[in-house]
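Okay, structure first, notes after.
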Amino acid sequence: MTAIARKIVDLSGDTKITTNVDVLSEIFNHPDLKDKQVCVVSITGTFRQGKSFLLNFLLRYLNLKYKSKSLSSEKWLSADGGDLSGFAWRCGSERHTTGILMWSEIFLAKLPSNKEVAIVLMDTQGTFDNKTTRHHCAAIFAISTLISSVQIYNLRNQINQADLEHLECFSGYGQLAMDQSSREAPFQNLCFLIRDWQYPFEASYGTEGGQHYLGQFLNAAEQPEELRKQNENIKRLFKNINCCLLPHPGGKVATNPSFQGQLEEISEEFLQTVEAFVPSILAPEKLVPKTVNGETIKLGDLAHFIQSYCQNFMNDDIPKLESMYMATSTAHYKVVLTEAQQLYQNTMNLLVNETSDILADVNLQAHHTLKKSEAIDYVKSKNIMGDEEIKRASLAKLSHDLDEMFLSYKKLNQIKIQRKKDLDKFNNDLQSTK
Ligand code: GDP
Ligand code: MG
């Protein structure tokens, strides 16, 4: 099946937010990938500023580097690869669609540690334009920040204090979902991507110039107290913050409606900067596996988190602190409880299956007690945020569910014992008739 951008979160009316459950499960429950760590790269910012267009460079790199594995030098961007394609970009001032889109193909990369990581690309649409309500802006920004491990904040010309205000405010909603008592930054990487940078003589194009520019902006000595606080707050929200300055891509890209993604029509300077920028996010040593509260999560877990966050934004109001926090906590417990049950079942299935030795009831009971306590310890060993109440309730649920499962295992075991008895009796009878 050819890969396409699929909508996973949809917005309608003033406040309605829906998740596309079928698409979520199709993409995230890929049998070979669902148990892999995941790196989620998202791009957000005002509409019509080249977000989707840029994602296609990321896609091209992913295809060359991790799919066809044909990338051997730093010069990976050549016209031989054909025109740009993938996420649809649009000329003109009408926005294309709204919501959160995800590339349907997931790429598998190897980290320098040799661990495999699944890479997911996410596009957000419809933020900060005059048709998107504040509620929807907050939702898209917060949800995409919550589920990504790398958030690219796409801006035109320069960083304005208003952009930082948006960032602080909307990520703040996301922060509500995170552990307030944790000293760790709630989010992972943030990358400011400045389009149409016009002052290369002050700060050069690319990530080095970007870092210089960002430093000047975030660490300016003479700032009003209010701005200084805002900037400090943003630094606390993300573990790493970088910046890249991109040149203007040329008149054809910006204004020609018939531009179809031909690389020859894009300015050389733009291509060179992008060629260096993309690996700064997607090269194996740069990939950032997604964590929640410091715990690595798997591709297959993402759907729970997305659904849980969206549900919180479905009400008319901006979500309250407790409810966003609970959303993360509940989703994380759900994931970990399933893993714990799986651990328990793995052993118990082996013990009662047809080919294994027969166990006396008391022995099976002993295994159950041991495995149940291991499953409970597994949950306890995880750093899941949430108060004592949700922890107690989750552990009680696990204990109850495992006891229920045990009843089924016991029945299976008894059937096995009975069958053995019947067989022995049959054999004995056979012997005595001889
Ligand atoms: P999105 O709404 O942010 O996803 O924007 P699109 O990717 O759909 O692009 C909107 C328009 O901007 C298209 O006509 C693109 O060709 C053009 N475009 C893409 N990148 C750039 C850029 O870096 N600078 C300028 N000025 N235009 C761009
Ligand atoms: Mg777009």
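Here's how to read the names in the structure tokens: chain A, B, ... by the order shown, residue numbers from 1 in each chain, ligand numbers from 1 in the order shown.
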Discussion item. At a cut-off of 10 Å and counting only C-alpha atoms and all ligand atoms, what residues surround ligand 2? Please answer as an MDAnalysis selection string.
Written reply: chainID A and resid 43:55 87:90 95:101 123:126
Discussion item. Using only C-alpha atoms, which protein or nucleic acid residues come within 10 Å of A:Asn29? Drop anything in the same chain fewer than 5 positions from it, and give the result as a list in words.
Written reply: Val23, Leu24, Lys34, Asp35, Leu299, Gly300, Asp301, Leu302 and Ala303 of chain A
Fill in: Filtered DSSP result for stretch 318-379 of chain A, state alpha helix (DSSP H), as a PyMOL selection string
chain A and resi 321-352+361-379
Output of the above residues as a short mmCIF file (atom, residue, chain, number, x, y, z; two decimals), in the first residue's frame, restricted to N, CA and C atoms:
data_model
loop_
_atom_site.label_atom_id
_atom_site.label_comp_id
_atom_site.auth_asym_id
_atom_site.auth_seq_id
_atom_site.Cartn_x
_atom_site.Cartn_y
_atom_site.Cartn_z
N LEU A 321 -6.37 21.54 35.30
CA LEU A 321 -5.10 20.92 35.66
C LEU A 321 -5.27 19.44 36.00
N GLU A 322 -6.22 19.17 36.90
CA GLU A 322 -6.34 17.79 37.37
C GLU A 322 -6.69 16.85 36.23
N SER A 323 -7.57 17.31 35.32
CA SER A 323 -8.04 16.37 34.31
C SER A 323 -6.94 16.04 33.29
N MET A 324 -6.11 17.03 32.94
CA MET A 324 -5.02 16.74 32.00
C MET A 324 -3.99 15.82 32.66
N TYR A 325 -3.74 16.11 33.92
CA TYR A 325 -2.78 15.31 34.66
C TYR A 325 -3.28 13.86 34.75
N MET A 326 -4.57 13.75 35.04
CA MET A 326 -5.16 12.41 35.15
C MET A 326 -5.12 11.69 33.80
N ALA A 327 -5.24 12.47 32.71
CA ALA A 327 -5.25 11.84 31.38
C ALA A 327 -3.94 11.11 31.14
N THR A 328 -2.83 11.75 31.49
CA THR A 328 -1.53 11.09 31.30
C THR A 328 -1.41 9.89 32.23
N SER A 329 -1.82 10.13 33.47
CA SER A 329 -1.69 9.08 34.46
C SER A 329 -2.50 7.84 34.07
N THR A 330 -3.76 8.07 33.70
CA THR A 330 -4.63 6.95 33.36
C THR A 330 -4.09 6.19 32.15
N ALA A 331 -3.67 6.94 31.12
CA ALA A 331 -3.18 6.28 29.91
C ALA A 331 -1.92 5.47 30.23
N HIS A 332 -1.06 6.04 31.05
CA HIS A 332 0.19 5.35 31.37
C HIS A 332 -0.09 4.08 32.20
N TYR A 333 -0.99 4.17 33.16
CA TYR A 333 -1.33 2.98 33.95
C TYR A 333 -1.92 1.89 33.05
N LYS A 334 -2.77 2.32 32.12
CA LYS A 334 -3.41 1.35 31.23
C LYS A 334 -2.34 0.54 30.48
N VAL A 335 -1.36 1.28 29.96
CA VAL A 335 -0.29 0.65 29.20
C VAL A 335 0.52 -0.32 30.08
N VAL A 336 0.88 0.15 31.26
CA VAL A 336 1.75 -0.66 32.13
C VAL A 336 0.99 -1.86 32.70
N LEU A 337 -0.30 -1.68 33.00
CA LEU A 337 -1.08 -2.82 33.51
C LEU A 337 -1.17 -3.91 32.44
N THR A 338 -1.34 -3.51 31.20
CA THR A 338 -1.41 -4.50 30.12
C THR A 338 -0.08 -5.26 30.03
N GLU A 339 1.01 -4.53 30.18
CA GLU A 339 2.33 -5.20 30.12
C GLU A 339 2.48 -6.19 31.27
N ALA A 340 2.03 -5.76 32.45
CA ALA A 340 2.17 -6.62 33.64
C ALA A 340 1.33 -7.90 33.46
N GLN A 341 0.13 -7.73 32.92
CA GLN A 341 -0.74 -8.90 32.67
C GLN A 341 -0.07 -9.84 31.68
N GLN A 342 0.56 -9.24 30.69
CA GLN A 342 1.22 -10.03 29.66
C GLN A 342 2.35 -10.87 30.27
N LEU A 343 3.10 -10.24 31.17
CA LEU A 343 4.20 -10.97 31.84
C LEU A 343 3.65 -12.18 32.58
N TYR A 344 2.56 -11.94 33.33
CA TYR A 344 1.92 -13.00 34.09
C TYR A 344 1.44 -14.11 33.14
N GLN A 345 0.76 -13.69 32.07
CA GLN A 345 0.18 -14.68 31.15
C GLN A 345 1.25 -15.50 30.44
N ASN A 346 2.36 -14.86 30.11
CA ASN A 346 3.42 -15.58 29.40
C ASN A 346 3.81 -16.85 30.16
N THR A 347 4.02 -16.72 31.48
CA THR A 347 4.41 -17.88 32.27
C THR A 347 3.25 -18.85 32.44
N MET A 348 2.09 -18.31 32.80
CA MET A 348 0.96 -19.19 33.10
C MET A 348 0.54 -19.98 31.85
N ASN A 349 0.60 -19.36 30.70
CA ASN A 349 0.24 -20.07 29.46
C ASN A 349 1.15 -21.28 29.25
N LEU A 350 2.42 -21.06 29.54
CA LEU A 350 3.38 -22.16 29.36
C LEU A 350 3.07 -23.32 30.31
N LEU A 351 2.65 -22.95 31.53
CA LEU A 351 2.43 -23.99 32.55
C LEU A 351 1.22 -24.88 32.25
N VAL A 352 0.20 -24.28 31.67
CA VAL A 352 -1.02 -25.08 31.49
C VAL A 352 -1.22 -25.58 30.05
N ASP A 361 -2.54 -28.85 41.63
CA ASP A 361 -3.19 -27.56 41.90
C ASP A 361 -2.36 -26.65 42.80
N VAL A 362 -1.80 -27.24 43.85
CA VAL A 362 -1.04 -26.41 44.80
C VAL A 362 0.18 -25.78 44.13
N ASN A 363 0.77 -26.52 43.21
CA ASN A 363 1.94 -25.96 42.52
C ASN A 363 1.55 -24.82 41.60
N LEU A 364 0.42 -25.04 40.93
CA LEU A 364 -0.05 -23.98 40.03
C LEU A 364 -0.35 -22.72 40.86
N GLN A 365 -0.95 -22.96 42.01
CA GLN A 365 -1.28 -21.84 42.93
C GLN A 365 0.01 -21.11 43.34
N ALA A 366 1.07 -21.87 43.61
CA ALA A 366 2.33 -21.24 44.02
C ALA A 366 2.89 -20.38 42.89
N HIS A 367 2.81 -20.91 41.65
CA HIS A 367 3.28 -20.12 40.51
C HIS A 367 2.47 -18.84 40.37
N HIS A 368 1.16 -18.98 40.54
CA HIS A 368 0.28 -17.81 40.43
C HIS A 368 0.70 -16.75 41.44
N THR A 369 0.90 -17.16 42.68
CA THR A 369 1.27 -16.19 43.72
C THR A 369 2.57 -15.49 43.37
N LEU A 370 3.53 -16.28 42.90
CA LEU A 370 4.83 -15.69 42.56
C LEU A 370 4.71 -14.72 41.38
N LYS A 371 4.05 -15.17 40.33
CA LYS A 371 3.97 -14.36 39.10
C LYS A 371 3.12 -13.12 39.32
N LYS A 372 2.11 -13.29 40.15
CA LYS A 372 1.26 -12.13 40.45
C LYS A 372 2.08 -11.07 41.20
N SER A 373 2.86 -11.54 42.13
CA SER A 373 3.64 -10.56 42.88
C SER A 373 4.71 -9.91 41.99
N GLU A 374 5.24 -10.69 41.05
CA GLU A 374 6.21 -10.08 40.10
C GLU A 374 5.52 -9.03 39.23
N ALA A 375 4.29 -9.34 38.80
CA ALA A 375 3.56 -8.39 37.95
C ALA A 375 3.29 -7.10 38.71
N ILE A 376 2.93 -7.25 39.98
CA ILE A 376 2.66 -6.05 40.80
C ILE A 376 3.95 -5.26 41.01
N ASP A 377 5.06 -5.97 41.25
CA ASP A 377 6.34 -5.27 41.42
C ASP A 377 6.73 -4.55 40.14
N TYR A 378 6.38 -5.16 39.00
CA TYR A 378 6.70 -4.54 37.71
C TYR A 378 6.03 -3.17 37.61
N VAL A 379 4.74 -3.13 37.97
CA VAL A 379 4.01 -1.85 37.91
C VAL A 379 4.62 -0.86 38.90
#
Discussion item. Give me the residues near A:Gln272 as a list of chain:residue names, where near means some atom within 9 Å (using only C-alpha atoms) and where sequence neighbours in that chain fewer than 4 positions away do not count.
Written reply: A:Lys75, A:Leu77, A:Ser267, A:Glu268, A:Ala276, A:Phe277
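Taking only C-alpha atoms and all ligand atoms into account, ligand 1 lies nearest to A:Leu155 out of the set A:Ala220, A:Leu155, A:Ile297, A:Ile417.
Contact shell of stretch 205-208 of chain A at 9 Å (only C-alpha atoms; same-chain neighbours under 2 positions omitted): Trp197, Tyr199, Pro200, Ala203, Gly210, Gln211, His212, Tyr213, Asn242, Cys243, Cys244, Leu245, Leu246, Pro247, Glu269, Phe270, Thr273, Val274, Ala276, Phe277 and Ser280 of chain A.
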Discussion item. List as JSON, numbers by chain the protein and nucleic acid residues near A:Lys416, meaning an atom at most 12 Å away when only C-alpha atoms are counted, but skip any in the same chain fewer than 5 places from it.
Written reply: {"A": [351, 352, 353, 354, 355, 356, 357, 358, 359, 360, 361, 409, 410, 411, 421, 422, 423]}
Serialized selection, N, CA and C atoms, as a tab-separated table (two decimals), in the first residue's frame:
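Contents of selection-v3.tsv, as written:
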chain	number	residue	atom	x	y	z
A	351	LEU	N	2.65	-22.95	31.53
A	351	LEU	CA	2.43	-23.99	32.55
A	351	LEU	C	1.22	-24.88	32.25
A	352	VAL	N	0.20	-24.28	31.67
A	352	VAL	CA	-1.02	-25.08	31.49
A	352	VAL	C	-1.22	-25.58	30.05
A	353	ASN	N	-0.27	-25.26	29.17
A	353	ASN	CA	-0.55	-25.69	27.79
A	353	ASN	C	-0.44	-27.21	27.64
A	354	GLU	N	-0.94	-27.70	26.55
A	354	GLU	CA	-1.12	-29.14	26.35
A	354	GLU	C	0.17	-29.96	26.48
A	355	THR	N	1.27	-29.33	26.07
A	355	THR	CA	2.50	-30.13	25.98
A	355	THR	C	3.34	-30.10	27.26
A	356	SER	N	2.97	-29.21	28.20
A	356	SER	CA	3.81	-29.13	29.41
A	356	SER	C	3.43	-30.23	30.41
A	357	ASP	N	4.34	-30.44	31.37
A	357	ASP	CA	4.06	-31.44	32.40
A	357	ASP	C	2.84	-31.03	33.21
A	358	ILE	N	2.21	-32.01	33.80
A	358	ILE	CA	1.03	-31.70	34.60
A	358	ILE	C	1.45	-31.20	35.98
A	359	LEU	N	0.81	-30.11	36.38
A	359	LEU	CA	1.12	-29.53	37.69
A	359	LEU	C	-0.01	-29.81	38.66
A	360	ALA	N	0.34	-30.14	39.90
A	360	ALA	CA	-0.72	-30.28	40.90
A	360	ALA	C	-1.28	-28.90	41.18
A	361	ASP	N	-2.54	-28.85	41.63
A	361	ASP	CA	-3.19	-27.56	41.90
A	361	ASP	C	-2.36	-26.65	42.80
A	409	TYR	N	-7.09	-20.37	34.40
A	409	TYR	CA	-5.93	-21.28	34.31
A	409	TYR	C	-6.17	-22.54	35.14
A	410	LYS	N	-6.79	-22.33	36.32
A	410	LYS	CA	-7.05	-23.45	37.21
A	410	LYS	C	-7.98	-24.46	36.52
A	411	LYS	N	-9.00	-23.90	35.86
A	411	LYS	CA	-9.96	-24.78	35.17
A	411	LYS	C	-9.24	-25.58	34.08
A	421	LYS	N	-6.00	-38.45	34.15
A	421	LYS	CA	-6.58	-39.52	34.98
A	421	LYS	C	-7.36	-40.49	34.10
A	422	ASP	N	-8.18	-39.92	33.22
A	422	ASP	CA	-9.00	-40.74	32.32
A	422	ASP	C	-8.11	-41.65	31.47
A	423	LEU	N	-7.04	-41.03	30.98
A	423	LEU	CA	-6.14	-41.79	30.11
A	423	LEU	C	-5.47	-42.92	30.88
Worksheet item: Can you list every residue in stretch 112-346 of chain A that DSSP puts in strand (DSSP E), as a PyMOL selection string?
Response: chain A and resi 116-125+150-156+187-195+238-245+291-292+295-296
